[in-house]
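Novice: Below is start-v7.cif; it holds mmCIF, C-alpha atoms.
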```cif
data_coords
loop_
_atom_site.label_atom_id
_atom_site.label_comp_id
_atom_site.auth_asym_id
_atom_site.auth_seq_id
_atom_site.Cartn_x
_atom_site.Cartn_y
_atom_site.Cartn_z
CA MET A 9 0.00 0.00 0.00
CA GLU A 10 1.36 3.38 -1.00
CA PRO A 11 1.63 6.15 1.62
CA LYS A 12 -0.97 8.90 1.45
CA GLU A 13 0.19 12.24 0.15
CA GLU A 14 0.29 14.89 2.87
CA ILE A 15 -2.09 17.81 2.37
CA ASP A 16 -0.34 21.17 2.37
CA LEU A 17 -2.80 23.30 4.35
CA ASP A 18 -0.53 26.36 4.13
CA MET A 19 -0.72 26.25 0.35
CA TYR A 20 -4.53 26.02 0.38
CA PHE A 21 -4.72 28.83 2.96
CA ARG A 22 -2.46 31.08 0.84
CA ARG A 23 -4.50 30.36 -2.30
CA ALA A 24 -7.78 31.03 -0.50
CA THR A 25 -6.43 34.28 0.96
CA PHE A 26 -5.14 35.40 -2.44
CA SER A 27 -8.51 34.56 -4.07
CA CYS A 28 -10.38 36.55 -1.40
CA LEU A 29 -8.07 39.54 -1.89
CA ILE A 30 -8.61 39.48 -5.67
CA ALA A 31 -12.38 39.23 -5.17
CA LEU A 32 -12.24 42.15 -2.72
CA LEU A 33 -10.25 44.28 -5.17
CA PHE A 34 -12.71 43.61 -7.99
CA SER A 35 -15.65 44.35 -5.65
CA LEU A 36 -14.09 47.65 -4.58
CA ALA A 37 -13.47 48.52 -8.21
CA ARG A 38 -17.05 47.70 -9.17
CA ILE A 39 -18.50 49.75 -6.28
CA SER A 40 -16.28 52.72 -7.06
CA TRP A 41 -17.05 52.64 -10.78
CA ALA A 42 -20.79 52.39 -10.06
CA GLN A 43 -20.60 55.40 -7.74
CA GLU A 44 -18.77 57.42 -10.38
CA LEU A 45 -21.36 56.53 -13.05
CA HIS A 46 -24.22 57.75 -10.83
CA GLN A 47 -22.82 61.21 -10.16
CA THR A 48 -24.94 64.11 -11.30
CA GLU A 49 -23.85 66.25 -14.27
CA HIS A 50 -23.27 69.15 -11.88
CA GLU A 51 -20.79 67.12 -9.78
CA GLN A 52 -19.00 65.97 -12.92
CA SER A 53 -18.61 69.52 -14.23
CA ASP A 54 -17.31 70.68 -10.80
CA HIS A 55 -14.78 67.83 -10.83
CA ALA A 56 -13.67 68.69 -14.37
CA GLU A 57 -13.24 72.35 -13.39
CA GLN A 58 -11.17 71.40 -10.31
CA SER A 59 -9.00 69.04 -12.39
CA GLU A 60 -8.36 71.78 -14.97
CA HIS A 61 -7.21 74.20 -12.28
CA SER A 62 -5.12 71.75 -10.25
CA GLY A 63 -3.70 69.76 -13.20
CA GLU A 64 -4.01 66.59 -11.08
CA HIS A 65 -6.15 63.48 -11.05
CA LEU A 66 -5.84 61.92 -7.61
CA HIS A 67 -7.46 58.50 -7.35
CA ARG A 68 -8.46 56.74 -4.14
CA HIS A 69 -7.55 53.26 -5.49
CA HIS A 70 -4.46 52.35 -7.51
CA ILE A 71 -3.73 49.00 -9.11
CA ALA A 72 -0.30 48.51 -10.68
CA ALA A 73 1.69 45.88 -12.56
CA PHE A 74 5.48 45.65 -12.34
CA PHE A 75 7.85 44.22 -14.98
CA GLY A 76 11.59 44.19 -14.44
CA GLY A 77 14.45 42.33 -12.85
CA THR A 78 15.85 41.33 -9.47
CA HIS A 79 19.62 41.34 -9.08
CA ALA A 80 21.16 39.18 -6.34
CA GLU A 81 24.95 38.74 -6.15
CA HIS A 82 25.89 37.62 -9.69
CA GLU A 83 22.46 36.84 -11.08
CA THR A 84 19.56 38.86 -12.45
CA ALA A 85 16.14 37.22 -12.70
CA PHE A 86 13.05 38.39 -14.59
CA THR A 87 10.51 39.73 -12.09
CA VAL A 88 6.78 40.40 -12.31
CA GLY A 89 4.54 41.82 -9.65
CA ALA A 90 1.34 43.60 -8.77
CA ASP A 91 0.27 45.98 -6.07
CA TYR A 92 -2.77 47.75 -4.74
CA GLU A 93 -2.77 51.12 -2.96
CA TYR A 94 -5.61 52.73 -1.05
CA ARG A 95 -4.95 56.47 -0.82
CA LEU A 96 -5.74 57.69 2.71
CA SER A 97 -5.04 61.30 1.77
CA ARG A 98 -3.31 63.35 -0.90
CA TRP A 99 0.08 62.47 0.67
CA VAL A 100 -0.20 58.93 2.12
CA GLY A 101 -1.49 55.53 1.02
CA VAL A 102 -1.42 51.94 2.28
CA GLY A 103 -1.58 48.70 0.36
CA GLY A 104 -0.08 45.37 -0.48
CA LEU A 105 2.20 43.86 -3.09
CA ILE A 106 3.16 40.52 -4.56
CA ASP A 107 6.31 39.87 -6.62
CA TYR A 108 7.78 36.82 -8.28
CA ALA A 109 11.44 36.62 -9.35
CA GLY A 110 12.10 33.63 -11.58
CA GLY A 111 15.31 31.90 -12.56
CA HIS A 112 17.49 30.42 -9.84
CA LEU A 113 16.05 32.88 -7.30
CA GLY A 114 12.55 31.35 -7.43
CA GLU A 115 11.42 33.97 -4.96
CA ARG A 116 7.89 35.09 -4.05
CA ILE A 117 7.30 38.17 -1.93
CA VAL A 118 4.02 39.13 -0.26
CA ALA A 119 4.12 42.36 1.75
CA GLY A 120 2.11 45.21 3.17
CA MET A 121 3.29 48.72 2.35
CA VAL A 122 3.02 52.39 3.23
CA ILE A 123 3.43 54.87 0.36
CA VAL A 124 4.28 58.55 0.73
CA HIS A 125 3.71 60.98 -2.16
CA PRO A 126 5.99 63.97 -1.46
CA MET A 127 5.25 65.43 -4.91
CA ARG A 128 2.94 64.41 -7.75
CA PRO A 129 5.06 62.08 -9.91
CA LEU A 130 7.12 60.59 -7.04
CA ALA A 131 6.01 57.80 -4.71
CA VAL A 132 8.31 56.52 -1.95
CA LEU A 133 7.41 53.26 -0.24
CA VAL A 134 8.37 51.08 2.69
CA ALA A 135 7.09 47.50 2.77
CA ALA A 136 7.50 44.50 5.06
CA GLY A 137 6.35 40.96 4.52
CA GLN A 138 7.35 37.41 3.70
CA ASP A 139 9.97 36.17 1.25
CA HIS A 140 9.29 32.58 0.17
CA ARG A 141 12.01 30.63 -1.69
CA VAL A 142 12.51 27.05 -2.73
CA GLU A 143 16.20 26.16 -3.08
CA HIS A 144 17.38 22.60 -3.80
CA GLY A 145 14.04 21.21 -2.67
CA HIS A 146 14.22 23.12 0.62
CA THR A 147 11.59 25.77 1.40
CA GLU A 148 12.75 28.91 3.16
CA ASN A 149 10.53 31.68 4.50
CA SER A 150 12.02 34.88 5.87
CA LEU A 151 11.16 38.48 6.62
CA VAL A 152 11.70 40.93 3.76
CA VAL A 153 11.89 44.70 4.08
CA ARG A 154 11.60 46.80 0.92
CA VAL A 155 12.31 50.49 0.42
CA GLY A 156 12.11 52.20 -2.93
CA ALA A 157 10.61 54.76 -5.22
CA VAL A 158 8.50 55.08 -8.37
CA TYR A 159 8.57 58.13 -10.63
CA ASP A 160 5.64 57.92 -13.02
CA PHE A 161 4.13 59.91 -15.87
CA GLU A 162 0.48 60.23 -16.85
CA VAL A 163 -0.30 58.62 -20.20
CA GLY A 164 -4.03 58.79 -20.81
CA ARG A 165 -5.78 56.81 -18.05
CA PHE A 166 -2.51 55.16 -17.03
CA ARG A 167 0.59 56.13 -15.08
CA ILE A 168 3.85 54.63 -16.37
CA GLY A 169 7.33 55.04 -15.00
CA PRO A 170 10.58 53.58 -13.72
CA ALA A 171 10.84 51.95 -10.29
CA TYR A 172 13.73 50.94 -8.06
CA PHE A 173 13.51 48.96 -4.81
CA LEU A 174 16.07 47.68 -2.35
CA ASP A 175 15.03 44.45 -0.60
CA THR A 176 16.74 43.14 2.52
CA THR A 177 16.01 39.53 3.40
CA ASN A 178 17.87 36.85 5.32
CA GLY A 179 21.09 38.90 5.42
CA GLU A 180 21.00 39.45 1.66
CA THR A 181 20.43 42.66 -0.33
CA LEU A 182 18.49 42.48 -3.60
CA HIS A 183 18.16 45.25 -6.18
CA VAL A 184 14.77 45.30 -7.94
CA PHE A 185 14.31 47.58 -10.95
CA GLY A 186 11.80 47.92 -13.75
CA ILE A 187 8.70 49.63 -15.10
CA VAL A 188 5.39 50.18 -13.31
CA ILE A 189 2.10 50.52 -15.21
CA ALA A 190 -0.73 51.74 -12.98
CA SER A 191 -4.32 52.86 -13.20
CA GLY A 192 -6.60 54.39 -10.63
CA PHE A 193 -10.26 54.98 -9.86
CA GLY A 194 -12.30 56.75 -7.23
CA ARG A 195 -11.61 60.35 -6.21
CA VAL A 196 -9.58 61.54 -3.25
CA GLU A 197 -11.74 64.24 -1.67
#
```
Mind turning the file's structure into structure tokens?
Specialist:
Amino acid sequence: MEPKEEIDLDMYFRRATFSCLIALLFSLARISWAQELHQTEHEQSDHAEQSEHSGEHLHRHHIAAFFGGTHAEHETAFTVGADYEYRLSRWVGVGGLIDYAGGHLGERIVAGMVIVHPMRPLAVLVAAGQDHRVEHGHTENSLVVRVGAVYDFEVGRFRIGPAYFLDTTNGETLHVFGIVIASGFGRVE
């Protein structure tokens, strides 16, 4: 008789949590878009007039995709990621991020973050979370701290720009660099 395969409850818990977060993000997006569609014409003209005078479009919710690389010691691995930011005010936001660096790094990062917007195109962030790696069949989880900045430009409904992050995990320093493509919805009052 063959031994039963052990069920990895952590994996199922992570997948369920991730699925709930995605569902929450889509629900928030749907609610926000519905609210925007039901504004009166007067509110829309006031908003357009304010935007013309301020030259800014501040959104309450930001969803971004990241494409770039992670450099560790003598290796650079292709990296993809996504993040969500909820803007608390004009200057500060909170959110979460996920990143995956392929190649020999095989690294997944899940972290919460605080974002400061000292001026319009610049966002500076600090994040802390979990770094999950599988090396030679051995799984390693450790704390990761990320600091970095994004300098983006408005292109239609999107914001696109370069990003650089410095990750510290398990006594190792990683350089993460690439391009961020973001979009937002909902107004910051």
Novice: Write out as a ChimeraX atom specification each polymer residue whose atoms come within 7 Å of range 65-75 of chain A, counting only C-alpha atoms; drop sequence neighbours fewer than 3 positions from it.
Specialist: /A:59,87-95,186-196
Novice: Can you check which parts of range 162-187 of chain A lie within 10 Å of range 122-134 of chain A? Per residue, the shortest pair of atoms and distance in Å to one decimal, counting all atoms listed in the file, sorted by chain and number, as a Markdown table.
Specialist:
```
| residue | atom | partner | partner_atom | distance |
| --- | --- | --- | --- | --- |
| A:Glu162 | CA | A:Pro129 | CA | 8.5 |
| A:Arg167 | CA | A:Pro129 | CA | 9.1 |
| A:Ile168 | CA | A:Pro129 | CA | 9.9 |
| A:Gly169 | CA | A:Pro129 | CA | 9.0 |
| A:Ala171 | CA | A:Ala131 | CA | 9.4 |
| A:Tyr172 | CA | A:Val132 | CA | 9.9 |
| A:Phe173 | CA | A:Leu133 | CA | 8.8 |
| A:Leu174 | CA | A:Val134 | CA | 9.8 |
| A:Asp175 | CA | A:Val134 | CA | 10.0 |
```
Novice: Is there a way to get, as a PyMOL selection string, all residues within 9 Å of the point (18.4, 29.7, -5.7) in file coordinates, counting all atoms listed in the file?
Specialist: chain A and resi 111-115+141-144
Novice: For Val118 in chain A, which residue out of A:Thr78, A:Leu96, A:Gly101, A:Val153 is the nearest one, using all atoms listed in the file?
Specialist: A:Val153
Novice: Which neighbours of Thr177 in chain A fall inside 9 Å, counting only C-alpha atoms, when residues of the same chain fewer than 4 positions from it are skipped, and could you give them as a VMD selection string?
Specialist: chain A and resid 138 to 139 150 to 154 181 to 182
Novice: Report, in Å to a single decimal, how far apart CA of Asn149 in chain A and CA of Arg116 in chain A are.
Specialist: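 Computing it gives 9.6 Å between the two atoms.
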Novice: Between CA of Ser97 in chain A and CA of Ile117 in chain A, what distance in Å does the model show, to one decimal?
Specialist: 26.5 Å
Novice: Which residue out of A:Gly120, A:Gly137, A:Gly76, A:Gly145 has the minimum interatomic distance to Tyr108 in chain A when all atoms listed in the file are used?
Specialist: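 Answer, going by the shortest atom-to-atom distance: A:Gly76.
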Novice: Go ahead and compute the interatomic distance for CA of Ala157 in chain A and CA of His183 in chain A, in Å to one decimal.
Specialist: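 Interatomic distance here is 12.2 Å.
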